[in-house]
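coords.cif, holding mmCIF, C-alpha atoms:
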data_protein
#
loop_
_atom_site.label_atom_id
_atom_site.label_comp_id
_atom_site.auth_asym_id
_atom_site.auth_seq_id
_atom_site.Cartn_x
_atom_site.Cartn_y
_atom_site.Cartn_z
CA MET N 71 35.78 -9.67 -5.23
CA ASN N 72 33.38 -10.11 -8.13
CA ARG N 73 33.99 -7.29 -10.61
CA ALA N 74 30.29 -7.08 -11.36
CA LEU N 75 29.40 -6.42 -7.71
CA ILE N 76 29.48 -2.64 -7.98
CA PRO N 77 27.45 -2.35 -11.23
CA VAL N 78 24.95 -4.90 -9.91
CA THR N 79 24.65 -2.96 -6.64
CA ILE N 80 24.06 0.31 -8.48
CA VAL N 81 21.49 -1.21 -10.85
CA THR N 82 19.79 -2.90 -7.89
CA LEU N 83 19.44 0.44 -6.11
CA PHE N 84 18.00 1.99 -9.28
CA ILE N 85 15.55 -0.92 -9.52
CA VAL N 86 14.45 -0.35 -5.91
CA ALA N 87 14.03 3.35 -6.68
CA PHE N 88 12.05 2.54 -9.85
CA GLN N 89 9.91 0.12 -7.83
CA LEU N 90 9.17 2.73 -5.16
CA ALA N 91 8.81 5.80 -7.37
CA ILE N 92 7.04 4.37 -10.41
CA LEU N 93 5.69 0.84 -10.01
CA SER N 94 4.09 1.51 -6.64
CA SER N 95 1.80 4.11 -8.14
CA LEU N 96 1.47 2.40 -11.52
CA ARG N 97 -0.75 -0.38 -10.19
CA ILE N 98 -2.27 -2.88 -12.59
CA ASP N 99 -5.74 -3.87 -11.44
CA GLY N 100 -4.66 -2.48 -8.07
CA VAL N 101 -1.59 -4.71 -7.92
CA VAL N 102 2.05 -3.66 -7.66
CA VAL N 103 4.42 -5.55 -9.98
CA MET N 104 7.36 -6.66 -7.85
CA LEU N 105 10.39 -5.90 -10.01
CA VAL N 106 12.55 -6.33 -6.89
CA TRP N 107 11.82 -10.08 -7.15
CA LEU N 108 12.25 -10.35 -10.91
CA TRP N 109 15.74 -8.81 -10.83
CA PRO N 110 17.39 -11.48 -8.60
CA LEU N 111 15.54 -14.14 -10.61
CA ALA N 112 17.08 -12.81 -13.83
CA LEU N 113 20.54 -12.68 -12.26
CA GLY N 114 20.13 -16.23 -10.98
CA LEU N 115 19.03 -17.55 -14.37
CA ALA N 116 22.01 -15.72 -15.89
CA GLY N 117 24.20 -17.99 -13.76
CA SER N 118 25.36 -15.38 -11.25
CA ALA N 119 24.40 -17.09 -7.99
CA SER N 120 26.25 -14.82 -5.58
CA LEU N 121 25.10 -11.67 -7.37
CA ALA N 122 21.52 -12.93 -7.40
CA VAL N 123 21.60 -13.54 -3.66
CA TRP N 124 23.27 -10.17 -3.03
CA SER N 125 20.74 -8.28 -5.14
CA ALA N 126 17.81 -10.13 -3.51
CA LEU N 127 19.08 -9.22 -0.07
CA LEU N 128 19.84 -5.62 -0.98
CA SER N 129 16.64 -4.90 -2.89
CA GLY N 130 14.51 -6.74 -0.33
CA ILE N 131 15.92 -4.86 2.63
CA PHE N 132 15.72 -1.46 0.97
CA PHE N 133 12.19 -2.17 -0.21
CA ASP N 134 11.13 -3.36 3.24
CA THR N 135 12.37 -0.16 4.85
CA HIS N 136 9.73 1.70 2.82
CA ALA N 137 6.85 -0.71 3.46
CA ALA N 138 4.64 -1.04 6.52
CA THR N 139 4.84 -4.83 6.30
CA PRO N 140 7.08 -7.03 8.50
CA PHE N 141 10.70 -6.15 7.95
CA GLY N 142 12.74 -8.73 6.02
CA LEU N 143 9.90 -10.64 4.33
CA THR N 144 10.52 -9.22 0.85
CA ALA N 145 14.21 -10.02 1.22
CA LEU N 146 13.39 -13.54 2.41
CA VAL N 147 11.18 -14.27 -0.60
CA GLY N 148 13.74 -12.65 -2.90
CA LEU N 149 16.46 -14.88 -1.46
CA ALA N 150 14.35 -17.98 -2.05
CA ILE N 151 13.73 -16.90 -5.65
CA ALA N 152 17.44 -16.13 -6.15
CA TYR N 153 18.43 -19.51 -4.74
CA VAL N 154 16.06 -21.51 -6.95
CA ALA N 155 16.91 -19.42 -10.03
CA SER N 156 20.63 -19.88 -9.39
CA ARG N 157 20.19 -23.65 -9.24
CA LEU N 158 18.35 -23.52 -12.57
CA GLY N 159 20.90 -21.10 -14.00
CA ARG N 160 23.76 -23.40 -13.03
CA GLU N 161 22.10 -26.16 -15.06
CA GLY N 162 21.67 -23.80 -18.00
CA VAL N 163 17.89 -23.86 -17.68
CA GLY N 164 16.41 -20.53 -18.71
CA ASP N 165 19.55 -19.30 -20.46
CA LEU N 166 18.41 -16.56 -22.82
CA ASP N 167 20.71 -17.54 -25.66
CA SER N 168 20.57 -21.33 -25.64
CA ALA N 169 17.16 -22.26 -24.21
CA ALA N 170 13.91 -22.09 -26.16
CA LEU N 171 12.33 -18.64 -26.42
CA TRP N 172 9.54 -19.42 -23.97
CA VAL N 173 11.55 -21.07 -21.19
CA THR N 174 12.75 -17.95 -19.34
CA PRO N 175 9.34 -16.20 -19.47
CA VAL N 176 7.59 -19.34 -18.21
CA ILE N 177 10.02 -19.78 -15.32
CA ALA N 178 9.59 -16.08 -14.48
CA ALA N 179 5.80 -16.38 -14.67
CA ALA N 180 5.89 -19.34 -12.29
CA ALA N 181 8.04 -17.32 -9.88
CA GLY N 182 5.73 -14.30 -10.20
CA PHE N 183 2.74 -16.52 -9.45
CA VAL N 184 4.24 -18.24 -6.42
CA ALA N 185 6.13 -15.29 -4.88
CA PRO N 186 3.11 -13.38 -3.44
CA LEU N 187 1.81 -16.61 -1.94
CA ALA N 188 5.23 -17.39 -0.47
CA TYR N 189 5.27 -13.88 0.97
CA VAL N 190 1.93 -14.38 2.69
CA VAL N 191 2.95 -17.82 4.00
CA ALA N 192 6.22 -16.37 5.32
CA GLY N 193 4.17 -13.60 6.93
CA ALA N 194 1.94 -16.17 8.63
CA LEU N 195 5.02 -18.00 9.92
CA THR N 196 6.14 -14.76 11.56
CA LEU N 197 2.69 -14.46 13.16
CA HIS N 198 1.45 -11.77 10.78
CA PHE N 199 -1.78 -13.41 9.62
CA SER N 200 -3.46 -10.30 8.27
CA MET N 201 -1.74 -10.49 4.89
CA TRP N 202 -4.26 -13.05 3.66
CA HIS N 203 -6.81 -11.03 1.76
CA ALA N 204 -9.08 -11.12 -1.22
CA SER N 205 -6.63 -9.62 -3.72
CA LEU N 206 -3.90 -12.22 -3.15
CA GLY N 207 -5.11 -14.12 -6.22
CA GLU N 208 -4.95 -10.93 -8.30
CA SER N 209 -1.41 -10.26 -7.03
CA MET N 210 -0.34 -13.73 -8.11
CA VAL N 211 -1.90 -13.50 -11.57
CA VAL N 212 -0.76 -9.94 -12.33
CA ASN N 213 2.80 -10.64 -11.19
CA ALA N 214 2.88 -13.87 -13.22
CA VAL N 215 1.80 -12.03 -16.38
CA ALA N 216 4.16 -9.10 -15.75
CA PHE N 217 7.11 -11.41 -15.02
CA PHE N 218 6.33 -13.36 -18.20
CA LEU N 219 6.44 -10.18 -20.30
CA LEU N 220 9.45 -8.61 -18.57
CA ALA N 221 11.56 -11.77 -18.18
CA ARG N 222 13.55 -11.46 -21.40
CA PRO N 223 14.37 -7.73 -21.26
CA VAL N 224 15.27 -7.91 -17.56
CA GLY N 225 17.25 -11.11 -18.25
CA ARG N 226 19.17 -9.33 -20.99
CA LEU N 227 19.92 -6.47 -18.57
CA ALA N 228 21.09 -9.00 -15.95
CA ILE N 229 23.49 -10.63 -18.44
CA MET N 230 24.81 -7.23 -19.47
CA VAL N 231 25.36 -5.95 -15.92
CA SER N 232 26.70 -9.16 -14.42
CA GLY N 233 28.95 -9.90 -17.40
CA SER N 234 27.61 -13.47 -17.61
CA GLY N 235 27.34 -13.29 -21.39
CA ALA N 236 30.99 -12.30 -21.77
CA ARG N 237 32.10 -15.18 -19.54
CA VAL N 238 30.07 -17.68 -21.55
CA ARG N 239 31.41 -16.38 -24.87
CA ARG N 240 35.03 -16.65 -23.69
CA MET V 218 13.49 -21.21 11.42
CA THR V 219 16.55 -19.08 12.02
CA ALA V 220 15.44 -16.76 9.24
CA ILE V 221 12.02 -16.43 10.85
CA LEU V 222 13.58 -15.60 14.21
CA VAL V 223 15.79 -13.01 12.53
CA VAL V 224 12.70 -11.45 10.90
CA LEU V 225 10.89 -11.41 14.24
CA TYR V 226 13.91 -9.89 15.95
CA LEU V 227 14.39 -7.22 13.34
CA SER V 228 10.70 -6.31 13.42
CA GLY V 229 11.40 -4.61 16.72
CA GLY V 230 13.20 -1.43 17.60
CA ILE V 231 16.23 -1.34 15.32
CA VAL V 232 14.02 -1.29 12.23
CA SER V 233 13.07 2.33 12.73
CA GLY V 234 16.72 3.38 12.70
CA LEU V 235 17.47 1.10 9.76
CA ARG V 236 14.58 2.58 7.82
CA GLY V 237 16.05 6.04 8.19
CA VAL V 238 19.50 4.93 6.98
CA ALA V 239 18.04 2.96 4.06
CA ASN V 240 15.90 5.94 3.08
CA LEU V 241 19.04 8.08 2.96
CA VAL V 242 20.82 5.54 0.72
CA VAL V 243 17.92 5.07 -1.70
CA ALA V 244 16.95 8.77 -1.77
CA PRO V 245 19.44 9.88 -4.49
CA PHE V 246 18.44 6.95 -6.73
CA ASP V 247 14.79 7.63 -6.00
CA TRP V 248 15.25 11.29 -6.90
CA THR V 249 17.03 10.41 -10.16
CA VAL V 250 14.37 7.92 -11.22
CA SER V 251 11.55 10.30 -10.28
CA THR V 252 13.16 13.23 -12.08
CA ILE V 253 13.55 11.23 -15.28
CA ALA V 254 10.50 9.00 -15.25
CA ARG V 255 7.76 11.12 -13.65
CA PRO V 256 7.64 13.86 -16.35
CA ILE V 257 7.58 11.19 -19.07
CA GLY V 258 4.78 9.38 -17.25
CA HIS V 259 2.85 12.62 -16.77
CA LEU V 260 3.32 13.49 -20.45
CA PHE V 261 1.86 10.17 -21.60
CA ALA V 262 -0.92 10.30 -19.00
CA GLY V 263 -1.73 13.87 -20.06
CA VAL V 264 -1.88 13.00 -23.77
CA VAL V 265 -3.98 9.91 -23.25
CA ASN V 266 -6.33 11.37 -20.64
CA TYR V 267 -6.61 15.01 -21.79
CA SER V 268 -10.38 14.96 -22.40
CA ASP V 269 -10.88 13.21 -19.06
CA VAL V 270 -8.85 15.91 -17.32
CA VAL V 271 -10.96 18.66 -18.90
CA ASN V 272 -14.18 16.89 -17.92
CA GLN V 273 -12.89 16.26 -14.42
CA ASN V 274 -11.94 19.93 -14.08
CA GLN V 275 -15.44 21.05 -15.06
CA LYS V 276 -17.00 18.54 -12.69
CA LEU V 277 -14.77 19.66 -9.84
CA ARG V 278 -15.66 23.34 -10.43
CA TYR V 279 -19.33 22.42 -10.31
CA GLU V 280 -18.87 20.36 -7.14
CA LEU V 281 -16.87 23.16 -5.52
CA GLY V 282 -19.71 25.58 -6.18
CA GLN V 283 -22.22 23.12 -4.75
CA ALA V 284 -20.04 22.54 -1.69
CA GLN V 285 -19.72 26.28 -1.07
CA LEU V 286 -23.48 26.65 -1.35
CA ARG V 287 -24.06 23.78 1.08
CA ALA V 288 -21.47 25.16 3.50
CA ASN V 289 -23.29 28.50 3.55
CA GLN V 290 -26.63 26.78 4.15
CA VAL V 291 -25.30 24.45 6.81
CA TRP V 292 -23.36 27.04 8.80
CA PRO V 293 -26.21 28.07 11.18
CA LEU V 294 -27.08 24.42 11.84
CA GLU V 295 -23.45 23.55 12.46
CA ARG V 296 -23.18 26.34 15.01
CA GLN V 297 -26.28 25.07 16.77
CA LEU V 298 -24.90 21.52 16.81
CA GLN V 299 -21.61 22.75 18.19
CA GLN V 300 -23.40 24.52 21.04
CA LEU V 301 -25.47 21.42 21.83
CA THR V 302 -22.52 19.04 21.77
CA THR V 303 -20.54 21.39 24.01
CA GLU V 304 -23.40 21.39 26.51
CA LEU V 305 -23.55 17.58 26.38
CA HIS V 306 -19.74 17.33 26.75
CA VAL V 307 -19.42 15.40 23.47
CA PRO V 308 -16.36 16.24 21.35
CA TYR V 309 -17.53 17.93 18.14
CA VAL V 310 -15.27 17.06 15.24
CA GLY V 311 -15.82 20.40 13.50
CA SER V 312 -14.30 22.21 16.46
CA LEU V 313 -11.18 20.03 16.68
CA PRO V 314 -7.92 21.51 15.38
CA SER V 315 -6.34 19.83 12.36
CA VAL V 316 -3.07 19.89 10.46
CA ALA V 317 -3.08 20.04 6.66
CA VAL V 318 -0.65 17.52 5.15
CA GLN V 319 0.42 16.33 1.73
CA VAL V 320 0.62 12.67 0.75
CA THR V 321 4.26 11.90 -0.04
CA ALA V 322 4.07 8.19 -0.84
CA ILE V 323 1.60 5.37 -1.11
CA SER V 324 2.30 1.87 0.13
CA PRO V 325 4.78 0.22 -2.25
CA THR V 326 3.46 -3.24 -1.44
CA ASN V 327 0.39 -5.34 -2.18
CA PHE V 328 0.01 -6.33 1.44
CA ALA V 329 -0.51 -3.14 3.45
CA ALA V 330 -2.80 -0.20 2.68
CA THR V 331 -0.80 2.74 4.00
CA ILE V 332 0.33 6.18 2.90
CA ASP V 333 3.11 8.49 4.04
CA ILE V 334 2.36 12.12 4.83
CA SER V 335 4.55 15.21 4.83
CA LYS V 336 4.30 16.24 8.50
CA GLY V 337 5.07 14.44 11.74
CA ARG V 338 5.78 14.89 15.41
CA ASP V 339 7.24 18.37 14.96
CA ASN V 340 3.80 19.52 13.74
CA GLY V 341 1.89 17.90 16.58
CA ILE V 342 0.93 14.72 14.75
CA LEU V 343 0.78 11.72 17.06
CA VAL V 344 0.05 8.02 16.69
CA GLY V 345 -3.68 7.30 16.79
CA MET V 346 -4.86 10.59 15.30
CA PRO V 347 -7.55 10.25 12.61
CA VAL V 348 -6.86 11.47 9.08
CA VAL V 349 -9.66 12.89 6.93
CA GLY V 350 -10.00 14.20 3.40
CA ASN V 351 -11.60 13.57 0.00
CA GLY V 352 -15.03 13.41 1.60
CA GLY V 353 -14.52 11.22 4.63
CA LEU V 354 -12.32 9.31 7.04
CA VAL V 355 -9.10 8.18 5.38
CA GLY V 356 -7.28 6.36 8.16
CA THR V 357 -5.24 6.58 11.33
CA VAL V 358 -1.67 7.62 12.02
CA ILE V 359 0.29 4.47 12.96
CA SER V 360 3.84 5.79 13.16
CA THR V 361 5.55 9.16 13.20
CA THR V 362 8.97 10.67 12.63
CA PRO V 363 9.85 14.33 13.33
CA HIS V 364 8.99 15.31 9.74
CA GLY V 365 6.61 12.62 8.51
CA ALA V 366 4.11 9.98 9.45
CA THR V 367 2.57 6.77 8.15
CA VAL V 368 -1.19 6.45 7.95
CA ARG V 369 -3.04 3.14 7.87
CA LEU V 370 -5.96 3.47 5.47
CA ILE V 371 -9.42 2.34 6.54
CA THR V 372 -9.30 -0.37 3.84
CA ASP V 373 -6.26 -2.02 5.42
CA ILE V 374 -6.97 -5.51 6.65
CA ASP V 375 -5.95 -4.47 10.20
CA SER V 376 -8.38 -1.55 10.31
CA SER V 377 -11.64 -1.70 12.26
CA ILE V 378 -13.97 1.21 12.99
CA GLY V 379 -17.08 1.54 15.11
CA VAL V 380 -19.82 3.22 13.05
CA THR V 381 -23.47 4.20 13.26
CA ASP V 382 -26.00 5.68 10.85
CA GLY V 383 -26.86 8.46 13.27
CA HIS V 384 -30.55 7.47 13.49
CA GLY V 385 -30.44 5.39 16.60
CA ALA V 386 -28.93 2.31 14.95
CA LYS V 387 -26.66 0.26 17.16
CA SER V 388 -22.96 0.62 16.62
CA ILE V 389 -21.45 -1.85 14.14
CA ILE V 390 -17.83 -2.67 13.40
CA VAL V 391 -16.56 -2.02 9.89
CA THR V 392 -13.35 -3.77 8.84
CA GLY V 393 -10.97 -3.23 5.93
CA GLN V 394 -10.69 -5.83 3.20
CA GLY V 395 -7.19 -5.06 1.97
CA VAL V 396 -5.49 -2.88 -0.61
CA ASN V 397 -7.91 -1.51 -3.22
CA SER V 398 -10.81 -3.40 -1.69
CA GLY V 399 -13.82 -1.98 0.08
CA LEU V 400 -15.05 -2.40 3.61
CA ARG V 401 -17.20 -5.00 5.27
CA ALA V 402 -19.36 -5.41 8.34
CA THR V 403 -20.75 -8.65 9.67
CA SER V 404 -23.35 -9.68 12.22
CA VAL V 405 -25.66 -6.72 11.61
CA PRO V 406 -29.06 -7.40 13.21
CA LEU V 407 -31.98 -8.14 10.86
CA ASN V 408 -34.06 -5.32 12.32
CA THR V 409 -31.53 -2.73 11.19
CA SER V 410 -32.77 0.38 9.41
CA LEU V 411 -29.74 0.37 7.12
CA LYS V 412 -30.30 0.16 3.39
CA THR V 413 -28.23 0.56 0.24
CA GLY V 414 -26.74 4.04 0.11
CA THR V 415 -26.95 4.75 3.86
CA LEU V 416 -23.97 6.77 5.00
CA LEU V 417 -22.26 5.58 8.17
CA TRP V 418 -20.35 7.79 10.62
CA THR V 419 -17.89 7.12 13.40
CA ASP V 420 -19.87 6.37 16.53
CA GLY V 421 -17.47 8.14 18.90
CA LEU V 422 -18.15 5.73 21.73
CA GLN V 423 -16.16 6.41 24.87
CA GLY V 424 -12.76 4.75 24.61
CA GLY V 425 -13.11 4.47 20.84
CA LEU V 426 -10.43 5.22 18.28
CA TYR V 427 -12.26 8.07 16.52
CA PRO V 428 -14.26 11.15 17.48
CA PRO V 429 -17.96 11.03 16.56
CA GLY V 430 -19.32 12.30 13.27
CA LEU V 431 -16.62 11.43 10.73
CA PRO V 432 -18.20 10.02 7.55
CA VAL V 433 -16.74 6.53 6.99
CA ALA V 434 -18.59 4.65 4.27
CA SER V 435 -21.88 4.07 2.51
CA VAL V 436 -23.66 0.74 2.28
CA THR V 437 -23.44 -0.87 -1.16
CA SER V 438 -25.17 -4.14 -0.37
CA LEU V 439 -26.79 -6.11 2.43
CA THR V 440 -26.46 -9.87 2.17
CA LEU V 441 -28.46 -12.35 4.15
CA THR V 442 -26.75 -15.70 4.32
CA PRO V 443 -29.39 -18.47 4.24
CA GLY V 444 -29.98 -19.68 7.77
CA ALA V 445 -28.19 -16.72 9.34
CA ALA V 446 -29.90 -14.33 11.69
CA THR V 447 -27.79 -11.33 10.68
CA TYR V 448 -26.79 -9.31 7.63
CA ASP V 449 -23.35 -8.97 6.09
CA LEU V 450 -22.71 -5.51 4.67
CA THR V 451 -20.35 -4.45 1.92
CA LEU V 452 -19.46 -0.79 2.05
CA LYS V 453 -17.76 1.82 -0.09
CA PRO V 454 -15.44 4.30 1.68
CA ALA V 455 -16.87 7.84 1.79
CA ALA V 456 -13.41 9.20 0.94
CA ASP V 457 -11.98 8.61 -2.51
CA LEU V 458 -8.90 6.65 -1.46
CA ARG V 459 -7.53 6.28 -5.00
CA HIS V 460 -6.68 9.96 -5.40
CA LEU V 461 -5.19 11.15 -2.14
CA THR V 462 -3.11 14.32 -2.35
CA TYR V 463 -3.94 16.72 0.49
CA LEU V 464 -5.44 15.59 3.78
CA ASP V 465 -6.13 16.82 7.30
CA VAL V 466 -4.89 15.14 10.45
CA VAL V 467 -7.45 15.75 13.19
CA GLN V 468 -5.60 16.52 16.40
CA TRP V 469 -7.67 14.20 18.51
CA GLU V 470 -6.21 11.39 20.56
CA PRO V 471 -8.10 8.26 21.55
CA SER V 472 -8.87 8.23 25.25
CA THR V 473 -7.19 5.41 27.17
#

Final structure tokens representation of the file:
Amino acid sequence: MNRALIPVTIVTLFIVAFQLAILSSLRIDGVVVMLVWLWPLALGLAGSASLAVWSALLSGIFFDTHAATPFGLTALVGLAIAYVASRLGREGVGDLDSAALWVTPVIAAAAGFVAPLAYVVAGALTLHFSMWHASLGESMVVNAVAFFLLARPVGRLAIMVSGSGARVRR
Amino acid sequence: MTAILVVLYLSGGIVSGLRGVANLVVAPFDWTVSTIARPIGHLFAGVVNYSDVVNQNQKLRYELGQAQLRANQVWPLERQLQQLTTELHVPYVGSLPSVAVQVTAISPTNFAATIDISKGRDNGILVGMPVVGNGGLVGTVISTTPHGATVRLITDIDSSIGVTDGHGAKSIIVTGQGVNSGLRATSVPLNTSLKTGTLLWTDGLQGGLYPPGLPVASVTSLTLTPGAATYDLTLKPAADLRHLTYLDVVQWEPST
């Protein structure tokens, strides 16, 4: 069993709690910043594929149990983000220590921009068409900007919790 | 495709049980985060917005005084209206019982305009009951547990309400435009008497989802699309949906 599984699980639950208790009421231009998607992205870019997938599943499911939207959609989008980020992480793209300063934030911004759209498309595929609405564009832009700004600190936290940095150094 | 089928499958009955279990798991983390972060957030908000809070307090005191004055003036008329509506067998919203509730959570997502409230089935709250507060209709109860309920706000994209201006105008359907957006109505006849600022109320048509007389929204603009024979209306909810704390659930069930 991965030794980082327990710390990652605990941090993931705290991130879900932070998302629900703080970010949901701290809306920017009416938009909620989806930290539950940024966290698996950061773990994936840190090279921890299995932990990224686990955290995406866990955070998505716990988040979905609190939302009145179709169950499983947040987890589904989180899994997609975790998968793509893990592929990039395996190639060393977006590594906080070796890649250029802007690479991780730009990848995160792209994910933040696409994720709300992917969520709505996934919703439409499950016959929930009502999620298309006027503020989708705002959701995409706000999440892109927030992910850009938070990518490096959250990435650093991901390396610390998953122990990826220690593995690389050894 | 498999994932989609799984999502569809899980959207059914077992989700309600799963929600309860997940809530139990997240609750201690939620409590810890709230205990640490909320006071810090309130401290910063208080420091930054202190003058606003003082101004708001003064404004609220003034409005409370005005509301008390109006209530005293309106009381005889209200009694008369109640008598008339009773004679006409029309449900009068002022006479319906209600349950006072506290808002416990707002929707954590960008894709559904809902809130959670502090009372549920054990207090007589049932699915379909209208929720009012902050000056107007807030939404409808869409799910209940023994000790809580979820309310779909009128701005939710799935919300639609039959309204009228109370001056003989035909009933029109107002729909939500999503989280933090206003309301909209389409296909309003050109001969309408509606104008900017007109307050619209639930029409209370038989078989409708709401009792008559609940203030819903005021008209902010009427748009005539070139070539169209009808108006499109944009509306502002009568209730201030950004600051929901205490509400009333009207114990009225839609007739089937």

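Checking V:Val405, V:Ala288, V:Leu422, V:Val466 one by one against Val368 (chain V), counting only C-alpha atoms, you find the shortest gap at V:Val466.
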
**Report entry** Expected residue set, 12 Å radius at (14.9, 7.3, -4.0), all atoms listed in the file, as a ChimeraX atom specification
**Finding:** /N:82-92,132-133,135-136 /V:239-252,322

Take the residues from that selection and put them in a file with C-alpha atoms, as a tab-separated table (two decimals), keeping the file's coordinate frame.
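Once written, selection21.tsv looks like this:
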chain	number	residue	atom	x	y	z
N	82	THR	CA	19.79	-2.90	-7.89
N	83	LEU	CA	19.44	0.44	-6.11
N	84	PHE	CA	18.00	1.99	-9.28
N	85	ILE	CA	15.55	-0.92	-9.52
N	86	VAL	CA	14.45	-0.35	-5.91
N	87	ALA	CA	14.03	3.35	-6.68
N	88	PHE	CA	12.05	2.54	-9.85
N	89	GLN	CA	9.91	0.12	-7.83
N	90	LEU	CA	9.17	2.73	-5.16
N	91	ALA	CA	8.81	5.80	-7.37
N	92	ILE	CA	7.04	4.37	-10.41
N	132	PHE	CA	15.72	-1.46	0.97
N	133	PHE	CA	12.19	-2.17	-0.21
N	135	THR	CA	12.37	-0.16	4.85
N	136	HIS	CA	9.73	1.70	2.82
V	239	ALA	CA	18.04	2.96	4.06
V	240	ASN	CA	15.90	5.94	3.08
V	241	LEU	CA	19.04	8.08	2.96
V	242	VAL	CA	20.82	5.54	0.72
V	243	VAL	CA	17.92	5.07	-1.70
V	244	ALA	CA	16.95	8.77	-1.77
V	245	PRO	CA	19.44	9.88	-4.49
V	246	PHE	CA	18.44	6.95	-6.73
V	247	ASP	CA	14.79	7.63	-6.00
V	248	TRP	CA	15.25	11.29	-6.90
V	249	THR	CA	17.03	10.41	-10.16
V	250	VAL	CA	14.37	7.92	-11.22
V	251	SER	CA	11.55	10.30	-10.28
V	252	THR	CA	13.16	13.23	-12.08
V	322	ALA	CA	4.07	8.19	-0.84

**Report entry** Hits of the PyMOL selection byres ((chain N) within 9 of (chain V)) in this structure, as an MDAnalysis selection string
**Finding:** chainID N and resid 80 83:95 99:104 131:143 146 186 190 192 195:197 200:206 209

Query - Result set, the PyMOL selection byres ((chain V and resi 437) around 7) on current file, as a count of residues only - result: 8

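Atom pair CA of Leu75 (chain N) / CA of Ala169 (chain N): separated by 25.9 Å.
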
Requested in this report: Using the chain letters and numbering of this document, enumerate as an MDAnalysis selection string the residues selected by the PyMOL selection byres ((chain V and resi 446) around 12).
Outcome: chainID V and resid 403:409 440:445 447:449

Query raised in the report: Residues at most 10 Å from Pro363 (chain V), counting all atoms listed in the file, excluding those fewer than 3 positions away in the same chain, as an NGL selection string?
Result: :V and (336-342 or 366)

Dump of C-alpha atoms for the selected residues, as an mmCIF file, in the frame of the given file:
data_model
loop_
_atom_site.group_PDB
_atom_site.id
_atom_site.type_symbol
_atom_site.label_atom_id
_atom_site.label_comp_id
_atom_site.auth_asym_id
_atom_site.auth_seq_id
_atom_site.Cartn_x
_atom_site.Cartn_y
_atom_site.Cartn_z
ATOM 1 C CA LYS V 336 4.300 16.240 8.500
ATOM 2 C CA GLY V 337 5.070 14.440 11.740
ATOM 3 C CA ARG V 338 5.780 14.890 15.410
ATOM 4 C CA ASP V 339 7.240 18.370 14.960
ATOM 5 C CA ASN V 340 3.800 19.520 13.740
ATOM 6 C CA GLY V 341 1.890 17.900 16.580
ATOM 7 C CA ILE V 342 0.930 14.720 14.750
ATOM 8 C CA ALA V 366 4.110 9.980 9.450
#

Report task. Would you list the residues near (-0.8, -13.2, -10.6), meaning any protein, DNA or RNA residue with an atom at most 9 Å from that point in file coordinates, counting only C-alpha atoms, as number ranges by chain? Result -> N: 101, 179, 182-184, 186, 206-216

Could you please take those selected residues and save C-alpha atoms as a PDB file, keeping the file's coordinate frame?
ATOM      1  CA  VAL N 101      -1.590  -4.710  -7.920  1.00  0.00           C
ATOM      2  CA  ALA N 179       5.800 -16.380 -14.670  1.00  0.00           C
ATOM      3  CA  GLY N 182       5.730 -14.300 -10.200  1.00  0.00           C
ATOM      4  CA  PHE N 183       2.740 -16.520  -9.450  1.00  0.00           C
ATOM      5  CA  VAL N 184       4.240 -18.240  -6.420  1.00  0.00           C
ATOM      6  CA  PRO N 186       3.110 -13.380  -3.440  1.00  0.00           C
ATOM      7  CA  LEU N 206      -3.900 -12.220  -3.150  1.00  0.00           C
ATOM      8  CA  GLY N 207      -5.110 -14.120  -6.220  1.00  0.00           C
ATOM      9  CA  GLU N 208      -4.950 -10.930  -8.300  1.00  0.00           C
ATOM     10  CA  SER N 209      -1.410 -10.260  -7.030  1.00  0.00           C
ATOM     11  CA  MET N 210      -0.340 -13.730  -8.110  1.00  0.00           C
ATOM     12  CA  VAL N 211      -1.900 -13.500 -11.570  1.00  0.00           C
ATOM     13  CA  VAL N 212      -0.760  -9.940 -12.330  1.00  0.00           C
ATOM     14  CA  ASN N 213       2.800 -10.640 -11.190  1.00  0.00           C
ATOM     15  CA  ALA N 214       2.880 -13.870 -13.220  1.00  0.00           C
ATOM     16  CA  VAL N 215       1.800 -12.030 -16.380  1.00  0.00           C
ATOM     17  CA  ALA N 216       4.160  -9.100 -15.750  1.00  0.00           C
TER      18      ALA N 216
END

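Compared by their closest atoms to Ser234 (chain N), and using all atoms listed in the file, the residues N:Gly162, N:Val81, N:Gly130, N:Val154 rank with N:Gly162 nearest.
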